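A.B. asks: Quick one: this structure, given as structure tokens, is what I'll be asking you about.
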Amino acid sequence: MTERRKVTLIPGDGIGPEVMSATVRVLEALQVPLEFEQGDAGSEVISKYGTNLPRETLDSVLRNGVALKCPTGTQIGAGLPSANVALRKGLDLYAALRPVRSVPNVKTRYENIDLVVVRENTESLYTGLEHIVVPGVVESLKIISDKASTRIARYAFEYARKNGRKKITAVHKANIMKLSDGLFLDCCRRVAREFPEVTYEEVIVDNMCMQLVRNPERYDVLLMENLYGDIISDLCAGLVGGLGVVPGANIGERTAVFEAVHGTAPDIAGKNFANPTALMMSTVMMLAWLGLDEASRRFDRALMRVYSEGRVRTHDLGGSATTREFTDAVIAAL
Ligand code: NAI
């Protein structure tokens, strides 16, 4: 008998609980050998715990090694640090993975896009090392290390090898940031030599943005440091219809958090309008990561079938289906 694995579920804020319960319904229909443990996080739980990421939740993810997370609300420019950033730091989730694939019947300017953004998640300008040098002048430090750059490059190449991906494009600005991005590229080149079956190329980040808008079909795996990765992941999501139809994962040595990367959608929260596709796609990734390949494929095929048939669509994509009706259609397509 297959051992039952425990997964921490973080429903988060806004539409999070709605898309989470929709996704759990599909997992139950799939009869996957998983058990669930609830983890509180987000702005709604601050009054209870005094923080948006309670120690209990972090411990639950550490214990189980895997979590499925919905969006959490964050104040801009003030307040507590984002729960997402705290999770990534607390669990050393060094690789952010954003697969971007055209979805049937979701109209965009492009067809046949199938690429993956691999983003270094711990360094660059996101270390929060900022200070006021003199009033009116602020310094923000960009950190790039051999260790973290080699680790993310190796992750990307191993991912390519495992998933039959043929080409890795390292994205950089080493023409200007010669030392920091130069070190990043050195590490990528060193790792690339160990993977002769994967084509390796380098593109400067501004040119990359233009190339992605003109010829996105040309790319396979994009490898980059944190800031470029943050921006380019969303650009790529836009190529296939936005954050509602792409999954996300943050992966560490022993732990992984799979998440819907859209926000909490406060304007439609509690109305049964939310599109659960992004969380469902992230769950497809989670099942594969857990080695539940058959369940992962079935879930993915069912989701794509609902889109191919085009009869059941949620409000954000111009349809009239509720969250529940969309989920019923996915379960029927299993
Ligand atoms: P948002 O993604 O919540 O909303 C933007 C628009 O997209 C809204 O019209 C919303 O209704 C729609 N939308 C988003 N997801 C949808 C879905 N699954 N189905 C149907 N429609 C959907 O972005 P916004 O307004 O910038 O952020 C709201 C809150 O979410 C903020 O507190 C922000 O900090 C938080 N946030 C959290 C994230 C996370 O935890 N990963 C990521 C982005 C934002």
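The chains in the structure tokens are called A, B, ... from first to last as shown; in each chain the residues are counted from 1, and the ligands are counted from 1 in the order shown.
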Please identify every polymer residue within 10 Å of ligand 1, using only C-alpha atoms and all ligand atoms, and present the set as a short mmCIF file (atom, residue, chain, number, x, y, z; two decimals) with all heavy atoms, in the first residue's frame.

C.D. replies:
```cif
data_model
loop_
_atom_site.label_atom_id
_atom_site.label_comp_id
_atom_site.auth_asym_id
_atom_site.auth_seq_id
_atom_site.Cartn_x
_atom_site.Cartn_y
_atom_site.Cartn_z
N GLY A 12 -4.77 31.02 3.24
CA GLY A 12 -4.49 32.45 3.05
C GLY A 12 -5.71 33.34 3.16
O GLY A 12 -6.68 33.03 3.87
N ASP A 13 -5.69 34.45 2.43
CA ASP A 13 -6.72 35.49 2.54
C ASP A 13 -7.57 35.58 1.28
O ASP A 13 -7.24 35.00 0.25
CB ASP A 13 -6.04 36.85 2.76
CG ASP A 13 -5.21 36.91 4.04
OD1 ASP A 13 -5.70 36.46 5.08
OD2 ASP A 13 -4.06 37.41 3.97
N GLY A 14 -8.62 36.44 1.36
CA GLY A 14 -9.44 36.75 0.19
C GLY A 14 -10.05 35.50 -0.44
O GLY A 14 -10.70 34.70 0.24
N ILE A 15 -9.78 35.30 -1.74
CA ILE A 15 -10.34 34.14 -2.44
C ILE A 15 -9.59 32.84 -2.11
O ILE A 15 -10.00 31.77 -2.57
CB ILE A 15 -10.33 34.33 -3.98
CG1 ILE A 15 -8.89 34.57 -4.49
CG2 ILE A 15 -11.28 35.43 -4.41
CD1 ILE A 15 -8.76 34.49 -6.01
N GLY A 16 -8.50 32.95 -1.33
CA GLY A 16 -7.68 31.77 -1.03
C GLY A 16 -8.49 30.57 -0.54
O GLY A 16 -8.42 29.49 -1.14
N GLU A 18 -11.54 29.81 -0.91
CA GLU A 18 -12.45 29.27 -1.94
C GLU A 18 -11.69 28.40 -2.94
O GLU A 18 -12.15 27.31 -3.30
CB GLU A 18 -13.14 30.42 -2.69
CG GLU A 18 -14.08 31.23 -1.83
CD GLU A 18 -14.45 32.55 -2.50
OE1 GLU A 18 -15.12 32.52 -3.54
OE2 GLU A 18 -14.04 33.61 -1.98
N VAL A 19 -10.54 28.91 -3.44
CA VAL A 19 -9.82 28.12 -4.44
C VAL A 19 -9.17 26.90 -3.79
O VAL A 19 -9.01 25.86 -4.43
CB VAL A 19 -8.80 28.97 -5.26
CG1 VAL A 19 -9.53 30.00 -6.09
CG2 VAL A 19 -7.75 29.63 -4.41
N ALA A 41 -1.91 31.54 7.82
CA ALA A 41 -0.97 32.60 7.40
C ALA A 41 -1.77 33.70 6.73
O ALA A 41 -2.88 33.47 6.24
CB ALA A 41 0.07 32.06 6.43
N GLY A 42 -1.23 34.92 6.75
CA GLY A 42 -1.88 36.02 6.05
C GLY A 42 -2.37 37.11 6.99
O GLY A 42 -2.19 37.04 8.22
N SER A 43 -3.02 38.11 6.41
CA SER A 43 -3.40 39.27 7.22
C SER A 43 -4.56 38.96 8.17
O SER A 43 -4.68 39.56 9.24
CB SER A 43 -3.74 40.46 6.32
OG SER A 43 -4.60 40.07 5.30
N LYS A 69 -0.09 26.55 -1.09
CA LYS A 69 -0.38 27.87 -0.50
C LYS A 69 -1.22 28.75 -1.42
O LYS A 69 -0.98 28.82 -2.62
CB LYS A 69 0.95 28.58 -0.18
CG LYS A 69 0.74 29.92 0.45
CD LYS A 69 2.02 30.70 0.64
CE LYS A 69 1.70 32.13 1.03
NZ LYS A 69 1.02 32.91 -0.01
N CYS A 70 -2.17 29.43 -0.81
CA CYS A 70 -2.97 30.43 -1.51
C CYS A 70 -2.42 31.82 -1.19
O CYS A 70 -1.64 31.97 -0.26
CB CYS A 70 -4.42 30.34 -1.06
SG CYS A 70 -5.20 28.85 -1.65
N PRO A 71 -2.85 32.84 -1.93
CA PRO A 71 -2.30 34.18 -1.69
C PRO A 71 -2.62 34.72 -0.31
O PRO A 71 -3.65 34.39 0.28
CB PRO A 71 -2.96 35.04 -2.76
CG PRO A 71 -4.03 34.22 -3.36
CD PRO A 71 -3.75 32.81 -3.07
N THR A 72 -1.70 35.55 0.17
CA THR A 72 -1.89 36.22 1.46
C THR A 72 -1.76 37.72 1.23
O THR A 72 -0.93 38.16 0.43
CB THR A 72 -0.81 35.74 2.46
OG1 THR A 72 0.45 35.68 1.78
CG2 THR A 72 -1.12 34.36 2.99
N GLY A 73 -2.56 38.49 1.93
CA GLY A 73 -2.54 39.95 1.77
C GLY A 73 -1.31 40.55 2.42
O GLY A 73 -0.85 40.10 3.47
N THR A 74 -0.74 41.57 1.78
CA THR A 74 0.44 42.26 2.33
C THR A 74 0.24 43.76 2.21
O THR A 74 -0.22 44.24 1.17
CB THR A 74 1.72 41.91 1.53
OG1 THR A 74 1.78 40.51 1.34
CG2 THR A 74 2.96 42.37 2.23
N GLN A 75 0.62 44.48 3.29
CA GLN A 75 0.58 45.95 3.21
C GLN A 75 1.73 46.47 2.37
O GLN A 75 2.84 45.92 2.44
CB GLN A 75 0.75 46.53 4.62
CG GLN A 75 -0.54 46.76 5.36
CD GLN A 75 -0.19 47.31 6.73
OE1 GLN A 75 0.29 46.60 7.59
NE2 GLN A 75 -0.41 48.60 6.89
N ILE A 76 1.48 47.51 1.59
CA ILE A 76 2.56 48.06 0.75
C ILE A 76 3.29 49.18 1.51
O ILE A 76 2.65 50.07 2.07
CB ILE A 76 1.97 48.58 -0.58
CG1 ILE A 76 1.47 47.38 -1.38
CG2 ILE A 76 3.01 49.37 -1.39
CD1 ILE A 76 0.82 47.70 -2.69
N SER A 82 6.19 40.54 4.08
CA SER A 82 5.25 39.62 3.44
C SER A 82 5.44 38.19 3.96
O SER A 82 6.57 37.73 4.17
CB SER A 82 5.48 39.70 1.93
OG SER A 82 5.64 38.45 1.37
N ALA A 83 4.31 37.48 4.15
CA ALA A 83 4.37 36.08 4.61
C ALA A 83 5.10 35.22 3.58
O ALA A 83 5.78 34.26 3.93
CB ALA A 83 2.96 35.55 4.86
N ASN A 84 4.97 35.58 2.30
CA ASN A 84 5.64 34.81 1.25
C ASN A 84 7.15 34.88 1.40
O ASN A 84 7.84 33.88 1.33
CB ASN A 84 5.29 35.36 -0.14
CG ASN A 84 3.85 35.13 -0.46
OD1 ASN A 84 3.31 34.09 -0.15
ND2 ASN A 84 3.21 36.11 -1.06
N VAL A 85 7.64 36.11 1.61
CA VAL A 85 9.08 36.30 1.75
C VAL A 85 9.56 35.56 3.00
O VAL A 85 10.59 34.87 2.98
CB VAL A 85 9.43 37.80 1.79
CG1 VAL A 85 10.91 38.01 2.08
CG2 VAL A 85 9.05 38.48 0.48
N GLY A 242 -2.08 35.57 -18.19
CA GLY A 242 -2.01 36.19 -16.88
C GLY A 242 -1.83 35.22 -15.73
O GLY A 242 -1.74 34.01 -15.91
N LEU A 243 -1.79 35.81 -14.53
CA LEU A 243 -1.45 35.04 -13.33
C LEU A 243 -2.52 34.02 -12.95
O LEU A 243 -2.26 33.12 -12.16
CB LEU A 243 -1.20 35.99 -12.15
CG LEU A 243 -0.02 36.95 -12.29
CD1 LEU A 243 0.12 37.81 -11.05
CD2 LEU A 243 1.28 36.18 -12.54
N GLY A 244 -3.71 34.16 -13.52
CA GLY A 244 -4.80 33.22 -13.21
C GLY A 244 -4.61 31.86 -13.85
O GLY A 244 -5.28 30.90 -13.47
N VAL A 245 -3.69 31.76 -14.82
CA VAL A 245 -3.56 30.48 -15.54
C VAL A 245 -2.11 29.97 -15.56
O VAL A 245 -1.72 29.25 -16.48
CB VAL A 245 -4.12 30.57 -16.98
CG1 VAL A 245 -5.63 30.69 -16.98
CG2 VAL A 245 -3.50 31.73 -17.76
N GLY A 248 2.95 28.10 -9.74
CA GLY A 248 4.22 28.54 -9.18
C GLY A 248 4.68 27.58 -8.10
O GLY A 248 3.86 26.93 -7.44
N GLU A 259 2.29 27.23 -5.01
CA GLU A 259 1.38 28.33 -4.72
C GLU A 259 0.73 28.93 -5.95
O GLU A 259 1.28 28.92 -7.05
CB GLU A 259 2.12 29.44 -3.97
CG GLU A 259 3.25 30.05 -4.76
CD GLU A 259 3.88 31.27 -4.09
OE1 GLU A 259 3.28 31.82 -3.16
OE2 GLU A 259 4.97 31.65 -4.52
N ALA A 260 -0.48 29.47 -5.71
CA ALA A 260 -1.12 30.31 -6.72
C ALA A 260 -0.48 31.68 -6.59
O ALA A 260 -0.43 32.25 -5.49
CB ALA A 260 -2.61 30.40 -6.44
N VAL A 261 0.05 32.23 -7.70
CA VAL A 261 0.83 33.45 -7.58
C VAL A 261 0.01 34.72 -7.78
O VAL A 261 0.53 35.83 -7.65
CB VAL A 261 2.05 33.45 -8.53
CG1 VAL A 261 3.10 32.47 -8.03
CG2 VAL A 261 1.65 33.14 -9.95
N HIS A 262 -1.28 34.57 -8.08
CA HIS A 262 -2.11 35.78 -8.16
C HIS A 262 -2.38 36.28 -6.74
O HIS A 262 -1.99 35.63 -5.76
CB HIS A 262 -3.43 35.50 -8.90
CG HIS A 262 -4.21 34.36 -8.33
ND1 HIS A 262 -4.87 34.44 -7.13
CD2 HIS A 262 -4.43 33.10 -8.80
CE1 HIS A 262 -5.47 33.28 -6.89
NE2 HIS A 262 -5.20 32.44 -7.87
N GLY A 263 -3.03 37.44 -6.62
CA GLY A 263 -3.29 38.01 -5.31
C GLY A 263 -4.58 37.48 -4.68
O GLY A 263 -5.17 36.51 -5.18
N THR A 264 -4.99 38.14 -3.61
CA THR A 264 -6.14 37.66 -2.83
C THR A 264 -7.48 38.07 -3.43
O THR A 264 -8.53 37.71 -2.92
CB THR A 264 -6.05 38.20 -1.39
OG1 THR A 264 -6.05 39.65 -1.48
CG2 THR A 264 -4.79 37.76 -0.69
N ALA A 265 -7.45 38.88 -4.50
CA ALA A 265 -8.66 39.32 -5.22
C ALA A 265 -9.77 39.76 -4.27
O ALA A 265 -10.88 39.20 -4.30
CB ALA A 265 -9.14 38.23 -6.17
N PRO A 266 -9.51 40.76 -3.43
CA PRO A 266 -10.53 41.15 -2.43
C PRO A 266 -11.85 41.58 -3.07
O PRO A 266 -12.91 41.44 -2.45
CB PRO A 266 -9.87 42.32 -1.68
CG PRO A 266 -8.64 42.68 -2.43
CD PRO A 266 -8.27 41.54 -3.31
N ASP A 267 -11.79 42.06 -4.33
CA ASP A 267 -13.02 42.53 -4.99
C ASP A 267 -14.03 41.41 -5.25
O ASP A 267 -15.22 41.66 -5.37
CB ASP A 267 -12.68 43.25 -6.32
CG ASP A 267 -11.74 42.46 -7.23
OD1 ASP A 267 -10.99 41.59 -6.71
OD2 ASP A 267 -11.76 42.70 -8.44
N ILE A 268 -13.55 40.16 -5.33
CA ILE A 268 -14.51 39.07 -5.61
C ILE A 268 -14.53 38.01 -4.50
O ILE A 268 -15.20 36.98 -4.64
CB ILE A 268 -14.22 38.39 -6.97
CG1 ILE A 268 -12.77 37.87 -7.03
CG2 ILE A 268 -14.50 39.33 -8.14
CD1 ILE A 268 -12.56 36.84 -8.14
N ALA A 269 -13.83 38.28 -3.41
CA ALA A 269 -13.74 37.28 -2.34
C ALA A 269 -15.12 36.95 -1.78
O ALA A 269 -15.95 37.83 -1.60
CB ALA A 269 -12.82 37.78 -1.23
N ASN A 272 -17.90 33.23 -4.77
CA ASN A 272 -17.93 32.01 -5.58
C ASN A 272 -17.64 32.30 -7.06
O ASN A 272 -18.13 31.61 -7.94
CB ASN A 272 -19.31 31.33 -5.41
CG ASN A 272 -19.31 29.86 -5.83
OD1 ASN A 272 -18.25 29.24 -5.92
ND2 ASN A 272 -20.48 29.33 -6.14
N PHE A 273 -16.84 33.35 -7.31
CA PHE A 273 -16.47 33.75 -8.67
C PHE A 273 -15.04 33.36 -9.02
O PHE A 273 -14.64 33.41 -10.16
CB PHE A 273 -16.51 35.28 -8.82
CG PHE A 273 -17.86 35.86 -9.07
CD1 PHE A 273 -18.04 37.24 -9.11
CD2 PHE A 273 -18.96 35.04 -9.27
CE1 PHE A 273 -19.29 37.80 -9.34
CE2 PHE A 273 -20.22 35.59 -9.49
CZ PHE A 273 -20.38 36.96 -9.52
N ALA A 274 -14.24 33.07 -7.99
CA ALA A 274 -12.79 32.94 -8.21
C ALA A 274 -12.46 31.78 -9.15
O ALA A 274 -13.12 30.74 -9.13
CB ALA A 274 -12.10 32.71 -6.88
N ASN A 275 -11.45 31.99 -9.96
CA ASN A 275 -10.97 30.94 -10.85
C ASN A 275 -9.89 30.14 -10.10
O ASN A 275 -8.84 30.69 -9.77
CB ASN A 275 -10.38 31.59 -12.10
CG ASN A 275 -9.92 30.55 -13.11
OD1 ASN A 275 -9.89 29.36 -12.83
ND2 ASN A 275 -9.57 31.02 -14.29
N PRO A 276 -10.13 28.86 -9.86
CA PRO A 276 -9.15 28.08 -9.09
C PRO A 276 -8.02 27.48 -9.95
O PRO A 276 -7.21 26.71 -9.45
CB PRO A 276 -10.01 26.96 -8.49
CG PRO A 276 -11.10 26.75 -9.48
CD PRO A 276 -11.33 28.07 -10.18
N THR A 277 -7.96 27.85 -11.24
CA THR A 277 -7.01 27.20 -12.17
C THR A 277 -5.56 27.29 -11.70
O THR A 277 -4.83 26.29 -11.74
CB THR A 277 -7.13 27.82 -13.58
OG1 THR A 277 -8.46 27.60 -14.03
CG2 THR A 277 -6.16 27.20 -14.55
N ALA A 278 -5.13 28.47 -11.26
CA ALA A 278 -3.71 28.63 -10.90
C ALA A 278 -3.33 27.70 -9.75
O ALA A 278 -2.29 27.03 -9.80
CB ALA A 278 -3.42 30.08 -10.53
N LEU A 279 -4.20 27.62 -8.74
CA LEU A 279 -3.88 26.72 -7.62
C LEU A 279 -3.94 25.27 -8.08
O LEU A 279 -3.15 24.44 -7.65
CB LEU A 279 -4.83 26.96 -6.44
CG LEU A 279 -4.40 26.20 -5.18
CD1 LEU A 279 -3.11 26.77 -4.61
CD2 LEU A 279 -5.48 26.21 -4.11
N THR A 314 -14.81 30.54 -16.07
CA THR A 314 -15.11 31.44 -14.95
C THR A 314 -15.20 32.89 -15.44
O THR A 314 -14.83 33.21 -16.58
CB THR A 314 -14.01 31.30 -13.87
OG1 THR A 314 -12.75 31.31 -14.52
CG2 THR A 314 -14.18 30.04 -13.05
N HIS A 315 -15.69 33.75 -14.56
CA HIS A 315 -15.98 35.15 -14.92
C HIS A 315 -14.76 35.90 -15.44
O HIS A 315 -14.86 36.68 -16.38
CB HIS A 315 -16.53 35.89 -13.69
CG HIS A 315 -17.89 35.41 -13.30
ND1 HIS A 315 -19.02 36.18 -13.40
CD2 HIS A 315 -18.32 34.22 -12.82
CE1 HIS A 315 -20.07 35.49 -12.99
NE2 HIS A 315 -19.66 34.30 -12.64
N ASP A 316 -13.58 35.67 -14.82
CA ASP A 316 -12.37 36.40 -15.22
C ASP A 316 -12.00 36.11 -16.68
O ASP A 316 -11.32 36.91 -17.32
CB ASP A 316 -11.19 36.04 -14.30
CG ASP A 316 -10.95 34.55 -14.23
OD1 ASP A 316 -11.93 33.78 -14.15
OD2 ASP A 316 -9.78 34.13 -14.29
N LEU A 317 -12.44 34.97 -17.23
CA LEU A 317 -12.12 34.63 -18.61
C LEU A 317 -13.33 34.78 -19.52
O LEU A 317 -13.43 34.14 -20.57
CB LEU A 317 -11.55 33.20 -18.68
CG LEU A 317 -10.22 33.00 -17.91
CD1 LEU A 317 -9.78 31.55 -17.95
CD2 LEU A 317 -9.11 33.89 -18.48
N THR A 323 -17.06 29.17 -9.13
CA THR A 323 -15.91 28.34 -8.73
C THR A 323 -16.37 26.89 -8.62
O THR A 323 -15.70 25.97 -9.08
CB THR A 323 -15.38 28.82 -7.35
OG1 THR A 323 -15.22 30.24 -7.40
CG2 THR A 323 -14.07 28.16 -6.99
#
```

A.B. asks: Find the residues near A:Arg218: any atom within 10 Å, counting only C-alpha atoms, skip ones fewer than 5 places away on the same chain, and give them as a list in words.

C.D. replies: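 So the residues in contact are Ile113, Asp114, Leu115, Lys167, Gln211 and Leu212 of chain A.
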
A.B. asks: Deliver the residues from the most recent selection as a file, using C-alpha atoms, as a PDB file, in the first residue's frame.

C.D. replies:
```pdb
ATOM      1  CA  ILE A 113       4.240  28.734 -25.634  1.00  0.00           C
ATOM      2  CA  ASP A 114       5.862  26.210 -23.331  1.00  0.00           C
ATOM      3  CA  LEU A 115       8.653  27.648 -21.249  1.00  0.00           C
ATOM      4  CA  LYS A 167      17.835  24.720 -23.989  1.00  0.00           C
ATOM      5  CA  GLN A 211      12.622  38.817 -27.531  1.00  0.00           C
ATOM      6  CA  LEU A 212       9.932  37.371 -25.264  1.00  0.00           C
TER       7      LEU A 212
END
```

A.B. asks: Taking only stretch 85-304 of chain A into account, list the residues labelled helix (DSSP H, G or I) by DSSP (computed from the backbone), as a ChimeraX atom specification.

C.D. replies: /A:85-90,125-127,146-162,180-192,205-214,216-218,226-239,243-245,277-289,293-304

A.B. asks: Report the closest atom pair, with its distance in Å rounded to one decimal, for each residue of stretch 208-294 of chain A that has an atom no farther than 10 Å from stretch 302-309 of chain A; count only C-alpha atoms, sort by chain and then rising residue number, and write it as CSV.

C.D. replies:
```
residue,atom,partner,partner_atom,distance
A:Thr277,CA,A:Leu303,CA,7.8
A:Met280,CA,A:Leu303,CA,8.1
A:Met281,CA,A:Leu303,CA,8.3
A:Val284,CA,A:Leu303,CA,9.7
```

A.B. asks: So that I have them on file, write out the residues from the current selection with all heavy atoms, as a PDB file, in the first residue's frame.

C.D. replies:
```
ATOM      1  N   THR A 277      -7.959  27.854 -11.243  1.00  0.00           N
ATOM      2  CA  THR A 277      -7.012  27.200 -12.166  1.00  0.00           C
ATOM      3  C   THR A 277      -5.558  27.286 -11.697  1.00  0.00           C
ATOM      4  O   THR A 277      -4.831  26.295 -11.744  1.00  0.00           O
ATOM      5  CB  THR A 277      -7.133  27.817 -13.576  1.00  0.00           C
ATOM      6  OG1 THR A 277      -8.464  27.600 -14.028  1.00  0.00           O
ATOM      7  CG2 THR A 277      -6.161  27.198 -14.553  1.00  0.00           C
ATOM      8  N   MET A 280      -4.896  24.966  -8.961  1.00  0.00           N
ATOM      9  CA  MET A 280      -4.992  23.589  -9.465  1.00  0.00           C
ATOM     10  C   MET A 280      -3.742  23.223 -10.262  1.00  0.00           C
ATOM     11  O   MET A 280      -3.204  22.122 -10.131  1.00  0.00           O
ATOM     12  CB  MET A 280      -6.258  23.426 -10.318  1.00  0.00           C
ATOM     13  CG  MET A 280      -7.528  23.455  -9.476  1.00  0.00           C
ATOM     14  SD  MET A 280      -8.999  23.130 -10.454  1.00  0.00           S
ATOM     15  CE  MET A 280     -10.268  23.146  -9.170  1.00  0.00           C
ATOM     16  N   MET A 281      -3.237  24.165 -11.085  1.00  0.00           N
ATOM     17  CA  MET A 281      -2.011  23.893 -11.846  1.00  0.00           C
ATOM     18  C   MET A 281      -0.819  23.696 -10.902  1.00  0.00           C
ATOM     19  O   MET A 281       0.047  22.852 -11.149  1.00  0.00           O
ATOM     20  CB  MET A 281      -1.711  25.052 -12.789  1.00  0.00           C
ATOM     21  CG  MET A 281      -2.639  25.116 -13.988  1.00  0.00           C
ATOM     22  SD  MET A 281      -2.230  26.584 -14.969  1.00  0.00           S
ATOM     23  CE  MET A 281      -2.939  26.128 -16.550  1.00  0.00           C
ATOM     24  N   VAL A 284      -0.977  20.272  -9.604  1.00  0.00           N
ATOM     25  CA  VAL A 284      -0.469  19.299 -10.596  1.00  0.00           C
ATOM     26  C   VAL A 284       1.057  19.173 -10.431  1.00  0.00           C
ATOM     27  O   VAL A 284       1.618  18.080 -10.415  1.00  0.00           O
ATOM     28  CB  VAL A 284      -0.837  19.752 -12.035  1.00  0.00           C
ATOM     29  CG1 VAL A 284      -0.060  18.978 -13.089  1.00  0.00           C
ATOM     30  CG2 VAL A 284      -2.347  19.616 -12.258  1.00  0.00           C
TER      31      VAL A 284
END
```

A.B. asks: Could you pull out the strand (DSSP E or B) residues of stretch 158-286 of chain A, going by DSSP on the backbone, and write them as a PyMOL selection string?

C.D. replies: chain A and resi 167-172+199-204+221-224+247-251+256-260

A.B. asks: Give me the residues within 9 Å of A:Gly39 as a PyMOL selection string, counting only C-alpha atoms and dropping any in the same chain fewer than 5 places off.

C.D. replies: chain A and resi 8-12+54+56-58+60-61+67

A.B. asks: Please write the residues from the selection above to a file, keeping N, CA, C and O atoms, as a PDB file, in the first residue's frame.

C.D. replies:
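Saved the output as part_37.pdb:
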```pdb
ATOM      1  N   THR A   8       0.820  20.402   4.114  1.00  0.00           N
ATOM      2  CA  THR A   8       0.275  21.570   4.824  1.00  0.00           C
ATOM      3  C   THR A   8      -0.506  22.423   3.832  1.00  0.00           C
ATOM      4  O   THR A   8       0.019  22.790   2.771  1.00  0.00           O
ATOM      5  N   LEU A   9      -1.750  22.722   4.161  1.00  0.00           N
ATOM      6  CA  LEU A   9      -2.571  23.578   3.293  1.00  0.00           C
ATOM      7  C   LEU A   9      -2.660  24.965   3.922  1.00  0.00           C
ATOM      8  O   LEU A   9      -3.076  25.098   5.076  1.00  0.00           O
ATOM      9  N   ILE A  10      -2.282  25.983   3.167  1.00  0.00           N
ATOM     10  CA  ILE A  10      -2.342  27.367   3.671  1.00  0.00           C
ATOM     11  C   ILE A  10      -3.382  28.118   2.841  1.00  0.00           C
ATOM     12  O   ILE A  10      -3.090  28.574   1.731  1.00  0.00           O
ATOM     13  N   PRO A  11      -4.615  28.243   3.339  1.00  0.00           N
ATOM     14  CA  PRO A  11      -5.677  28.854   2.531  1.00  0.00           C
ATOM     15  C   PRO A  11      -5.511  30.360   2.341  1.00  0.00           C
ATOM     16  O   PRO A  11      -6.063  30.916   1.385  1.00  0.00           O
ATOM     17  N   GLY A  12      -4.772  31.018   3.245  1.00  0.00           N
ATOM     18  CA  GLY A  12      -4.486  32.448   3.054  1.00  0.00           C
ATOM     19  C   GLY A  12      -5.709  33.336   3.161  1.00  0.00           C
ATOM     20  O   GLY A  12      -6.676  33.033   3.870  1.00  0.00           O
ATOM     21  N   PRO A  54       2.659  32.425  11.520  1.00  0.00           N
ATOM     22  CA  PRO A  54       2.917  31.854  12.850  1.00  0.00           C
ATOM     23  C   PRO A  54       3.949  30.727  12.806  1.00  0.00           C
ATOM     24  O   PRO A  54       4.065  30.031  11.797  1.00  0.00           O
ATOM     25  N   GLU A  56       3.848  27.973  14.222  1.00  0.00           N
ATOM     26  CA  GLU A  56       3.177  26.667  14.041  1.00  0.00           C
ATOM     27  C   GLU A  56       3.091  26.300  12.554  1.00  0.00           C
ATOM     28  O   GLU A  56       3.243  25.138  12.176  1.00  0.00           O
ATOM     29  N   THR A  57       2.835  27.310  11.703  1.00  0.00           N
ATOM     30  CA  THR A  57       2.691  27.034  10.270  1.00  0.00           C
ATOM     31  C   THR A  57       4.044  26.660   9.664  1.00  0.00           C
ATOM     32  O   THR A  57       4.149  25.695   8.908  1.00  0.00           O
ATOM     33  N   LEU A  58       5.057  27.435  10.035  1.00  0.00           N
ATOM     34  CA  LEU A  58       6.410  27.145   9.550  1.00  0.00           C
ATOM     35  C   LEU A  58       6.822  25.731   9.982  1.00  0.00           C
ATOM     36  O   LEU A  58       7.354  24.950   9.180  1.00  0.00           O
ATOM     37  N   SER A  60       4.867  23.233  10.696  1.00  0.00           N
ATOM     38  CA  SER A  60       4.070  22.241   9.969  1.00  0.00           C
ATOM     39  C   SER A  60       4.687  21.985   8.589  1.00  0.00           C
ATOM     40  O   SER A  60       4.827  20.835   8.157  1.00  0.00           O
ATOM     41  N   VAL A  61       5.086  23.055   7.887  1.00  0.00           N
ATOM     42  CA  VAL A  61       5.683  22.879   6.550  1.00  0.00           C
ATOM     43  C   VAL A  61       7.022  22.143   6.668  1.00  0.00           C
ATOM     44  O   VAL A  61       7.329  21.253   5.869  1.00  0.00           O
ATOM     45  N   ALA A  67       3.993  22.079   1.080  1.00  0.00           N
ATOM     46  CA  ALA A  67       2.796  22.877   1.367  1.00  0.00           C
ATOM     47  C   ALA A  67       2.164  23.340   0.064  1.00  0.00           C
ATOM     48  O   ALA A  67       2.842  23.489  -0.962  1.00  0.00           O
TER      49      ALA A  67
END
```

A.B. asks: Tell me which of A:Ala148, A:Val257, A:Leu223, A:Ile232 sits closest to A:Trp289, counting only C-alpha atoms.

C.D. replies: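 Under the stated criterion, the closest residue is A:Val257.
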